[in-house]
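Enquirer: Here it is, the structure in full.
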Amino acid sequence: MTTTHSVDRRSRRGSIDRLDTFEDAASRAFAPLRMRTTDNLPFQGVITSARVDQLVLTHITADPVVVRRDATVMGSSDPDLIKVAWHGAGRAGVDQRGRQCLLSPGDLVVYETGHPYELPFWEPYDTVVVGVPSARFGAHADVLRRRVAMPVRADIGLRGLVSAMFQGMASGEVGEDASGAAQHHMASALVSLVCAAFSDTVPCDDEDPLDRVRAYCLANLGEPGLSVESVAAAHGMSTRYLYKLCRAGGFTLARWVRSERLARIRRDLADPMLAERSTSAIAARWGVLDTGHLGRMLRAEFGVTAREIRAEARRP
């Protein structure tokens, strides 16, 4: 559903009321935040937002303002979003986790709702912001969190595709009339492009070894032989050290691999385009060859069996 919230200085003269309306619209789209103007001039802004498969797509044009999310508005029930912004116009900046940056038109930048941030917009600005539940990024979420306030140019190569996609979102309604499966694929494509766009923004020697391990596992989920032993060997480390790394990261590798496989099996079972493919073939694609216990594993993970997932997908 697309909603547009506009503030017109011709219709209302009370700048505080207008800013409050704009602040409320932005808070409802993402998570609670505060805004203030940098001068005493009347304020005008427009927010157009849409939801596509859990992603919040928002196009914002507004007069100069400072946006702040801090402890005074943050709550435990707030959505955990990684926000990816394409900056179209105006001088602006991002301040989060002790890192500050300046944005130029055409930049892509990441920040997150889980930590305080400040976004100063010193000039009238135009931006497209996509709020993505951090879980949608999987293992890449931690990588992106380490890249907050590190803008990248988005006018060439792969990042040019991301920029074009964001600009397409700014041009009007995106994907609302598409089926649930189509929206899911579009959202997945956007998430993948964002991961690729930021994958090389930190030197390799600064990368967490757990990031490399999880990236390797995600790239090899379809291999039935994926195991602690094979992962350790691929990274030139002992299994004992790998267990220690995962323990420090708060997870068990085998359990995490199983969850990632089940998530993809569930996605494919629910995809109408794969309706003719057998459950066993879908499971094998993700490295699960023994389907005798697949139904129980899916129910334990998601509360539904493979048969129930496919039945739900067939409903009009």
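Residue numbering restarts at 1 in every chain; chains get A, B, ... in the order shown in the structure tokens, and ligands count up from 1 in that same order.
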Hey, could you make a per-residue contact list for segment 10-105 of chain A against segment 121-126 of chain A with 7 Å as the cut-off, showing the nearest pair of atoms and its distance in Å to one decimal, counting only C-alpha atoms, sorted by chain and number, as JSON lines?
Expert:
```
{"residue": "A:Ile60", "atom": "CA", "partner": "A:Asp126", "partner_atom": "CA", "distance": 5.8}
{"residue": "A:Thr61", "atom": "CA", "partner": "A:Asp126", "partner_atom": "CA", "distance": 4.4}
{"residue": "A:Ala62", "atom": "CA", "partner": "A:Tyr125", "partner_atom": "CA", "distance": 5.7}
{"residue": "A:Asp63", "atom": "CA", "partner": "A:Pro124", "partner_atom": "CA", "distance": 4.3}
{"residue": "A:Pro64", "atom": "CA", "partner": "A:Glu123", "partner_atom": "CA", "distance": 4.9}
{"residue": "A:Val65", "atom": "CA", "partner": "A:Phe121", "partner_atom": "CA", "distance": 5.3}
{"residue": "A:Val66", "atom": "CA", "partner": "A:Phe121", "partner_atom": "CA", "distance": 5.9}
{"residue": "A:His87", "atom": "CA", "partner": "A:Asp126", "partner_atom": "CA", "distance": 6.5}
{"residue": "A:Gly88", "atom": "CA", "partner": "A:Asp126", "partner_atom": "CA", "distance": 5.1}
{"residue": "A:Ala89", "atom": "CA", "partner": "A:Asp126", "partner_atom": "CA", "distance": 5.0}
{"residue": "A:Gly90", "atom": "CA", "partner": "A:Tyr125", "partner_atom": "CA", "distance": 4.5}
{"residue": "A:Arg91", "atom": "CA", "partner": "A:Glu123", "partner_atom": "CA", "distance": 5.6}
{"residue": "A:Ala92", "atom": "CA", "partner": "A:Phe121", "partner_atom": "CA", "distance": 4.4}
{"residue": "A:Gly93", "atom": "CA", "partner": "A:Phe121", "partner_atom": "CA", "distance": 6.7}
```
Enquirer: Just want the 10 Å neighbourhood of Ala283 of chain A, counted on only C-alpha atoms, with same-chain residues fewer than 6 positions away dropped. Output as a list in words.
Expert: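 Contacts, with the query itself left out: Gly222, Arg261, Leu262, Arg264, Ile265, Arg266, Asp268, Leu269, Leu289, Asp290, Thr291 and Leu294 of chain A.
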Enquirer: List as a list of chain:residue names the protein and nucleic acid residues near Trp256 of chain A, meaning an atom at most 12 Å away when only C-alpha atoms are counted, but skip any in the same chain fewer than 3 places from it.
Expert: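 In the requested form, the answer reads A:Gly138, A:Ala139, A:Val213, A:Arg214, A:Cys217, A:Leu218, A:Leu221, A:Leu226, A:Ser227, A:Val228, A:Cys246, A:Arg247, A:Gly249, A:Gly250, A:Phe251, A:Thr252, A:Leu253, A:Ser259, A:Glu260, A:Arg261, A:Leu262, A:Ala263, A:Glu301.
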Enquirer: Just to be explicit: take each residue in the selection above, keep N, CA, C and O atoms, and write the result as a PDB file, in the first residue's frame.
Expert:
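Result written to selection-v5.pdb:
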```
ATOM      1  N   GLY A 138      20.557 -11.755   6.277  1.00  0.00           N
ATOM      2  CA  GLY A 138      21.233 -12.947   6.760  1.00  0.00           C
ATOM      3  C   GLY A 138      22.604 -12.617   7.328  1.00  0.00           C
ATOM      4  O   GLY A 138      22.771 -11.663   8.094  1.00  0.00           O
ATOM      5  N   ALA A 139      23.596 -13.402   6.925  1.00  0.00           N
ATOM      6  CA  ALA A 139      24.955 -13.212   7.441  1.00  0.00           C
ATOM      7  C   ALA A 139      25.554 -11.882   7.016  1.00  0.00           C
ATOM      8  O   ALA A 139      26.515 -11.408   7.624  1.00  0.00           O
ATOM      9  N   VAL A 213      33.505 -16.935   6.794  1.00  0.00           N
ATOM     10  CA  VAL A 213      32.964 -18.277   6.999  1.00  0.00           C
ATOM     11  C   VAL A 213      31.500 -18.338   6.577  1.00  0.00           C
ATOM     12  O   VAL A 213      31.079 -19.238   5.848  1.00  0.00           O
ATOM     13  N   ARG A 214      30.717 -17.358   7.026  1.00  0.00           N
ATOM     14  CA  ARG A 214      29.296 -17.391   6.706  1.00  0.00           C
ATOM     15  C   ARG A 214      29.055 -17.151   5.218  1.00  0.00           C
ATOM     16  O   ARG A 214      28.158 -17.757   4.619  1.00  0.00           O
ATOM     17  N   CYS A 217      29.713 -20.418   3.528  1.00  0.00           N
ATOM     18  CA  CYS A 217      28.625 -21.364   3.747  1.00  0.00           C
ATOM     19  C   CYS A 217      27.412 -21.015   2.890  1.00  0.00           C
ATOM     20  O   CYS A 217      26.787 -21.908   2.299  1.00  0.00           O
ATOM     21  N   LEU A 218      27.071 -19.734   2.803  1.00  0.00           N
ATOM     22  CA  LEU A 218      25.924 -19.335   1.995  1.00  0.00           C
ATOM     23  C   LEU A 218      26.150 -19.662   0.525  1.00  0.00           C
ATOM     24  O   LEU A 218      25.214 -20.012  -0.194  1.00  0.00           O
ATOM     25  N   LEU A 221      25.630 -23.725   0.232  1.00  0.00           N
ATOM     26  CA  LEU A 221      24.536 -24.390   0.922  1.00  0.00           C
ATOM     27  C   LEU A 221      24.052 -25.621   0.162  1.00  0.00           C
ATOM     28  O   LEU A 221      23.549 -26.571   0.758  1.00  0.00           O
ATOM     29  N   LEU A 226      28.719 -30.061   3.060  1.00  0.00           N
ATOM     30  CA  LEU A 226      29.103 -28.883   3.842  1.00  0.00           C
ATOM     31  C   LEU A 226      29.062 -29.215   5.330  1.00  0.00           C
ATOM     32  O   LEU A 226      28.046 -29.656   5.856  1.00  0.00           O
ATOM     33  N   SER A 227      30.168 -29.004   5.998  1.00  0.00           N
ATOM     34  CA  SER A 227      30.264 -29.385   7.409  1.00  0.00           C
ATOM     35  C   SER A 227      31.301 -28.522   8.097  1.00  0.00           C
ATOM     36  O   SER A 227      32.038 -27.750   7.455  1.00  0.00           O
ATOM     37  N   VAL A 228      31.396 -28.668   9.397  1.00  0.00           N
ATOM     38  CA  VAL A 228      32.421 -27.944  10.151  1.00  0.00           C
ATOM     39  C   VAL A 228      33.798 -28.293   9.613  1.00  0.00           C
ATOM     40  O   VAL A 228      34.664 -27.416   9.438  1.00  0.00           O
ATOM     41  N   CYS A 246      32.710 -19.517  16.198  1.00  0.00           N
ATOM     42  CA  CYS A 246      31.242 -19.537  16.173  1.00  0.00           C
ATOM     43  C   CYS A 246      30.672 -19.350  17.571  1.00  0.00           C
ATOM     44  O   CYS A 246      29.656 -18.656  17.748  1.00  0.00           O
ATOM     45  N   ARG A 247      31.311 -19.939  18.556  1.00  0.00           N
ATOM     46  CA  ARG A 247      30.849 -19.777  19.932  1.00  0.00           C
ATOM     47  C   ARG A 247      30.918 -18.308  20.337  1.00  0.00           C
ATOM     48  O   ARG A 247      30.001 -17.780  20.977  1.00  0.00           O
ATOM     49  N   GLY A 249      30.647 -15.882  18.320  1.00  0.00           N
ATOM     50  CA  GLY A 249      29.598 -15.199  17.562  1.00  0.00           C
ATOM     51  C   GLY A 249      28.205 -15.529  18.040  1.00  0.00           C
ATOM     52  O   GLY A 249      27.223 -14.973  17.521  1.00  0.00           O
ATOM     53  N   GLY A 250      28.091 -16.456  19.006  1.00  0.00           N
ATOM     54  CA  GLY A 250      26.796 -16.757  19.599  1.00  0.00           C
ATOM     55  C   GLY A 250      25.953 -17.749  18.818  1.00  0.00           C
ATOM     56  O   GLY A 250      24.725 -17.736  18.943  1.00  0.00           O
ATOM     57  N   PHE A 251      26.565 -18.593  18.013  1.00  0.00           N
ATOM     58  CA  PHE A 251      25.779 -19.570  17.265  1.00  0.00           C
ATOM     59  C   PHE A 251      26.586 -20.846  17.049  1.00  0.00           C
ATOM     60  O   PHE A 251      27.800 -20.871  17.221  1.00  0.00           O
ATOM     61  N   THR A 252      25.881 -21.899  16.660  1.00  0.00           N
ATOM     62  CA  THR A 252      26.482 -23.176  16.290  1.00  0.00           C
ATOM     63  C   THR A 252      26.426 -23.297  14.779  1.00  0.00           C
ATOM     64  O   THR A 252      25.364 -23.115  14.177  1.00  0.00           O
ATOM     65  N   LEU A 253      27.548 -23.593  14.148  1.00  0.00           N
ATOM     66  CA  LEU A 253      27.611 -23.575  12.687  1.00  0.00           C
ATOM     67  C   LEU A 253      26.618 -24.551  12.061  1.00  0.00           C
ATOM     68  O   LEU A 253      25.883 -24.195  11.130  1.00  0.00           O
ATOM     69  N   SER A 259      19.356 -23.878   9.469  1.00  0.00           N
ATOM     70  CA  SER A 259      18.326 -22.833   9.419  1.00  0.00           C
ATOM     71  C   SER A 259      18.339 -22.105   8.079  1.00  0.00           C
ATOM     72  O   SER A 259      17.279 -21.804   7.514  1.00  0.00           O
ATOM     73  N   GLU A 260      19.544 -21.826   7.571  1.00  0.00           N
ATOM     74  CA  GLU A 260      19.638 -21.149   6.279  1.00  0.00           C
ATOM     75  C   GLU A 260      19.094 -22.038   5.163  1.00  0.00           C
ATOM     76  O   GLU A 260      18.408 -21.560   4.238  1.00  0.00           O
ATOM     77  N   ARG A 261      19.381 -23.324   5.219  1.00  0.00           N
ATOM     78  CA  ARG A 261      18.855 -24.250   4.208  1.00  0.00           C
ATOM     79  C   ARG A 261      17.333 -24.328   4.285  1.00  0.00           C
ATOM     80  O   ARG A 261      16.634 -24.270   3.265  1.00  0.00           O
ATOM     81  N   LEU A 262      16.809 -24.459   5.491  1.00  0.00           N
ATOM     82  CA  LEU A 262      15.353 -24.559   5.646  1.00  0.00           C
ATOM     83  C   LEU A 262      14.654 -23.301   5.175  1.00  0.00           C
ATOM     84  O   LEU A 262      13.559 -23.364   4.595  1.00  0.00           O
ATOM     85  N   ALA A 263      15.253 -22.145   5.410  1.00  0.00           N
ATOM     86  CA  ALA A 263      14.641 -20.892   4.955  1.00  0.00           C
ATOM     87  C   ALA A 263      14.521 -20.866   3.444  1.00  0.00           C
ATOM     88  O   ALA A 263      13.507 -20.404   2.884  1.00  0.00           O
ATOM     89  N   GLU A 301      11.017 -25.310  12.767  1.00  0.00           N
ATOM     90  CA  GLU A 301      11.618 -24.017  12.443  1.00  0.00           C
ATOM     91  C   GLU A 301      10.574 -22.933  12.203  1.00  0.00           C
ATOM     92  O   GLU A 301      10.733 -21.795  12.658  1.00  0.00           O
TER      93      GLU A 301
END
```
Enquirer: Between A:His140, A:Arg146, A:Asp53, A:Thr127, which one has atoms that come closest to Gly98 of chain A, using only C-alpha atoms?
Expert: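 Residue with the minimum atom-to-atom distance to Gly98 of chain A: A:Arg146.
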Enquirer: Show me, as an MDAnalysis selection string, the residues that have an atom within 12 Å of Met150 of chain A when counting only C-alpha atoms, minus same-chain residues fewer than 2 positions from it.
Expert: chainID A and resid 84:85 93:103 107:111 144:148 152:153 197:202
Enquirer: What does the file look like for those residues with N, CA, C and O atoms, as a compact mmCIF listing (two decimals), in the first residue's frame?
Expert:
```txt
# COMPACT_ATOMS: atom_id res chain seq x y z
N VAL A 84 19.02 1.73 3.71
CA VAL A 84 19.92 2.01 2.59
C VAL A 84 19.35 3.22 1.85
O VAL A 84 18.19 3.19 1.42
N ALA A 85 20.13 4.27 1.73
CA ALA A 85 19.66 5.50 1.13
C ALA A 85 20.43 5.84 -0.14
O ALA A 85 21.66 5.74 -0.17
N GLY A 93 24.59 14.75 5.43
CA GLY A 93 25.58 13.93 6.11
C GLY A 93 24.93 12.83 6.91
O GLY A 93 23.71 12.78 7.08
N VAL A 94 25.76 11.90 7.41
CA VAL A 94 25.32 10.82 8.28
C VAL A 94 26.31 10.73 9.44
O VAL A 94 27.53 10.74 9.22
N ASP A 95 25.78 10.61 10.66
CA ASP A 95 26.61 10.47 11.85
C ASP A 95 26.09 9.28 12.64
O ASP A 95 24.97 9.32 13.17
N GLN A 96 26.86 8.19 12.68
CA GLN A 96 26.46 7.01 13.44
C GLN A 96 27.69 6.24 13.87
O GLN A 96 28.66 6.11 13.14
N ARG A 97 27.62 5.72 15.10
CA ARG A 97 28.70 4.90 15.67
C ARG A 97 30.06 5.59 15.62
O ARG A 97 31.08 4.97 15.33
N GLY A 98 30.07 6.88 15.88
CA GLY A 98 31.32 7.62 15.91
C GLY A 98 31.91 7.92 14.56
O GLY A 98 33.04 8.41 14.46
N ARG A 99 31.19 7.65 13.50
CA ARG A 99 31.68 7.92 12.14
C ARG A 99 30.78 8.95 11.48
O ARG A 99 29.56 8.87 11.55
N GLN A 100 31.40 9.95 10.87
CA GLN A 100 30.66 10.99 10.17
C GLN A 100 31.07 11.00 8.70
O GLN A 100 32.23 10.74 8.36
N CYS A 101 30.11 11.31 7.84
CA CYS A 101 30.42 11.40 6.42
C CYS A 101 29.55 12.48 5.78
O CYS A 101 28.51 12.85 6.31
N LEU A 102 30.02 12.98 4.65
CA LEU A 102 29.25 13.91 3.83
C LEU A 102 28.73 13.16 2.62
O LEU A 102 29.42 12.30 2.05
N LEU A 103 27.50 13.50 2.22
CA LEU A 103 26.88 12.85 1.07
C LEU A 103 26.84 13.80 -0.12
O LEU A 103 26.54 14.98 0.03
N ASP A 107 25.30 9.30 -4.19
CA ASP A 107 25.89 8.40 -3.21
C ASP A 107 24.87 7.41 -2.67
O ASP A 107 23.67 7.71 -2.56
N LEU A 108 25.36 6.22 -2.32
CA LEU A 108 24.60 5.25 -1.54
C LEU A 108 25.22 5.19 -0.15
O LEU A 108 26.44 5.22 0.00
N VAL A 109 24.38 5.10 0.88
CA VAL A 109 24.90 5.03 2.24
C VAL A 109 23.98 4.15 3.08
O VAL A 109 22.78 4.03 2.81
N VAL A 110 24.57 3.53 4.10
CA VAL A 110 23.83 2.63 5.00
C VAL A 110 23.87 3.21 6.41
O VAL A 110 24.89 3.73 6.86
N TYR A 111 22.75 3.10 7.12
CA TYR A 111 22.71 3.33 8.56
C TYR A 111 21.62 2.43 9.12
O TYR A 111 20.90 1.77 8.37
N LEU A 144 27.17 -5.24 6.73
CA LEU A 144 26.63 -3.93 6.40
C LEU A 144 26.67 -2.99 7.61
O LEU A 144 26.90 -1.79 7.46
N ARG A 145 26.45 -3.54 8.80
CA ARG A 145 26.50 -2.69 10.00
C ARG A 145 27.89 -2.09 10.19
O ARG A 145 28.03 -1.00 10.74
N ARG A 146 28.91 -2.79 9.75
CA ARG A 146 30.26 -2.26 9.86
C ARG A 146 30.57 -1.23 8.79
O ARG A 146 31.64 -0.64 8.78
N ARG A 147 29.62 -1.03 7.88
CA ARG A 147 29.82 -0.07 6.79
C ARG A 147 28.90 1.14 6.90
O ARG A 147 28.71 1.88 5.94
N VAL A 148 28.29 1.35 8.10
CA VAL A 148 27.43 2.51 8.27
C VAL A 148 28.25 3.79 8.07
O VAL A 148 29.45 3.84 8.40
N VAL A 152 29.20 5.21 -0.82
CA VAL A 152 29.86 4.74 -2.04
C VAL A 152 29.18 5.39 -3.23
O VAL A 152 27.99 5.70 -3.21
N ARG A 153 29.96 5.65 -4.26
CA ARG A 153 29.40 6.20 -5.49
C ARG A 153 28.56 5.14 -6.18
O ARG A 153 28.92 3.97 -6.21
N ALA A 197 26.81 -4.16 -3.66
CA ALA A 197 27.28 -2.78 -3.79
C ALA A 197 28.23 -2.40 -2.66
O ALA A 197 29.15 -1.59 -2.85
N PHE A 198 28.03 -2.98 -1.47
CA PHE A 198 28.85 -2.63 -0.32
C PHE A 198 29.90 -3.68 0.02
O PHE A 198 30.60 -3.56 1.02
N SER A 199 30.01 -4.71 -0.79
CA SER A 199 30.88 -5.84 -0.44
C SER A 199 32.36 -5.49 -0.43
O SER A 199 33.15 -6.15 0.23
N ASP A 200 32.75 -4.46 -1.17
CA ASP A 200 34.18 -4.14 -1.25
C ASP A 200 34.52 -2.77 -0.68
O ASP A 200 35.49 -2.15 -1.06
N THR A 201 33.72 -2.31 0.29
CA THR A 201 33.97 -0.98 0.84
C THR A 201 34.90 -0.98 2.03
O THR A 201 35.21 0.06 2.58
N VAL A 202 35.34 -2.15 2.48
CA VAL A 202 36.29 -2.26 3.59
C VAL A 202 37.42 -3.16 3.13
O VAL A 202 37.18 -4.19 2.51
```
Enquirer: Please list as JSON, numbers by chain every residue within 12 Å of Arg28 of chain A, counting only C-alpha atoms and excluding residues in the same chain fewer than 2 positions away.
Expert: {"A": [3, 5, 21, 22, 23, 24, 25, 26, 30, 31, 32, 33, 34, 47, 48, 49, 50, 56, 58, 78, 79, 131]}
Enquirer: Where in segment 47-238 of chain A does DSSP assign strand (DSSP E or B), given as number ranges by chain?
Expert: A: 47-52, 55-62, 65-69, 81-89, 92-96, 99-103, 107-112, 117-121, 125-133, 152-153
Enquirer: Print the selection's residues with C-alpha atoms to a file, as a tab-separated table (two decimals), in the first residue's frame.
Expert:
```tsv
chain	number	residue	atom	x	y	z
A	47	ILE	CA	7.04	11.51	1.81
A	48	THR	CA	5.78	8.75	-0.47
A	49	SER	CA	6.10	5.25	0.94
A	50	ALA	CA	5.25	1.70	-0.10
A	51	ARG	CA	5.76	-1.74	1.41
A	52	VAL	CA	7.01	-4.57	-0.77
A	55	LEU	CA	10.75	-3.79	2.72
A	56	VAL	CA	9.77	-0.14	3.22
A	57	LEU	CA	10.43	1.94	0.10
A	58	THR	CA	10.32	5.66	0.73
A	59	HIS	CA	10.93	8.72	-1.46
A	60	ILE	CA	11.50	11.94	0.45
A	61	THR	CA	11.85	15.52	-0.76
A	62	ALA	CA	12.01	18.25	1.87
A	65	VAL	CA	16.11	19.61	8.46
A	66	VAL	CA	18.10	17.62	11.02
A	67	VAL	CA	16.83	14.08	11.59
A	68	ARG	CA	17.81	12.39	14.83
A	69	ARG	CA	17.12	8.99	16.34
A	81	LEU	CA	16.02	-2.13	10.12
A	82	ILE	CA	19.10	-1.56	8.01
A	83	LYS	CA	18.33	1.54	5.99
A	84	VAL	CA	19.92	2.01	2.59
A	85	ALA	CA	19.66	5.50	1.13
A	86	TRP	CA	20.29	6.80	-2.37
A	87	HIS	CA	21.02	10.51	-2.09
A	88	GLY	CA	19.69	12.45	-5.06
A	89	ALA	CA	20.18	16.13	-4.22
A	92	ALA	CA	23.76	16.19	3.68
A	93	GLY	CA	25.58	13.93	6.11
A	94	VAL	CA	25.32	10.82	8.28
A	95	ASP	CA	26.61	10.47	11.85
A	96	GLN	CA	26.46	7.01	13.44
A	99	ARG	CA	31.68	7.92	12.14
A	100	GLN	CA	30.66	10.99	10.17
A	101	CYS	CA	30.42	11.40	6.42
A	102	LEU	CA	29.25	13.91	3.83
A	103	LEU	CA	26.88	12.85	1.07
A	107	ASP	CA	25.89	8.40	-3.21
A	108	LEU	CA	24.60	5.25	-1.54
A	109	VAL	CA	24.90	5.03	2.24
A	110	VAL	CA	23.83	2.63	5.00
A	111	TYR	CA	22.71	3.33	8.56
A	112	GLU	CA	20.58	1.36	11.03
A	117	TYR	CA	22.09	8.38	14.37
A	118	GLU	CA	21.85	11.93	13.11
A	119	LEU	CA	21.18	13.01	9.52
A	120	PRO	CA	21.75	16.71	8.85
A	121	PHE	CA	20.30	18.02	5.58
A	125	TYR	CA	17.08	17.46	-0.51
A	126	ASP	CA	15.82	14.47	-2.45
A	127	THR	CA	16.48	10.94	-1.24
A	128	VAL	CA	15.18	7.40	-1.59
A	129	VAL	CA	15.43	5.28	1.56
A	130	VAL	CA	14.77	1.54	1.73
A	131	GLY	CA	14.27	0.04	5.17
A	132	VAL	CA	15.18	-3.66	5.19
A	133	PRO	CA	14.59	-5.95	8.20
A	152	VAL	CA	29.86	4.74	-2.04
A	153	ARG	CA	29.40	6.20	-5.49
```
Enquirer: Of the residues A:Tyr241, A:Ala149, A:Met35, A:His115, which is the one nearest to Gly75 of chain A, using only C-alpha atoms?
Expert: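 The closest residue to Gly75 of chain A is A:His115.
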Enquirer: Using only C-alpha atoms for the distances, tell me which of A:Ala270, A:Met165, A:Leu210, A:Ala215 is nearest to Val304 of chain A.
Expert: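 Between A:Ala270, A:Met165, A:Leu210, A:Ala215, the residue approaching Val304 of chain A most closely is A:Ala270.
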Enquirer: May I ask which of the residues A:Phe43, A:Tyr216, A:Phe166, A:Trp286 is the closest one to Leu193 of chain A, counting only C-alpha atoms?
Expert: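 With only C-alpha atoms as the atom set, the closest residue is A:Phe166.
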Enquirer: As number ranges by chain, list the residues of segment 194-264 of chain A assigned to alpha helix (DSSP H) by DSSP on the backbone atoms of this structure.
Expert: A: 194-198, 209-219, 228-234, 239-249, 253-264
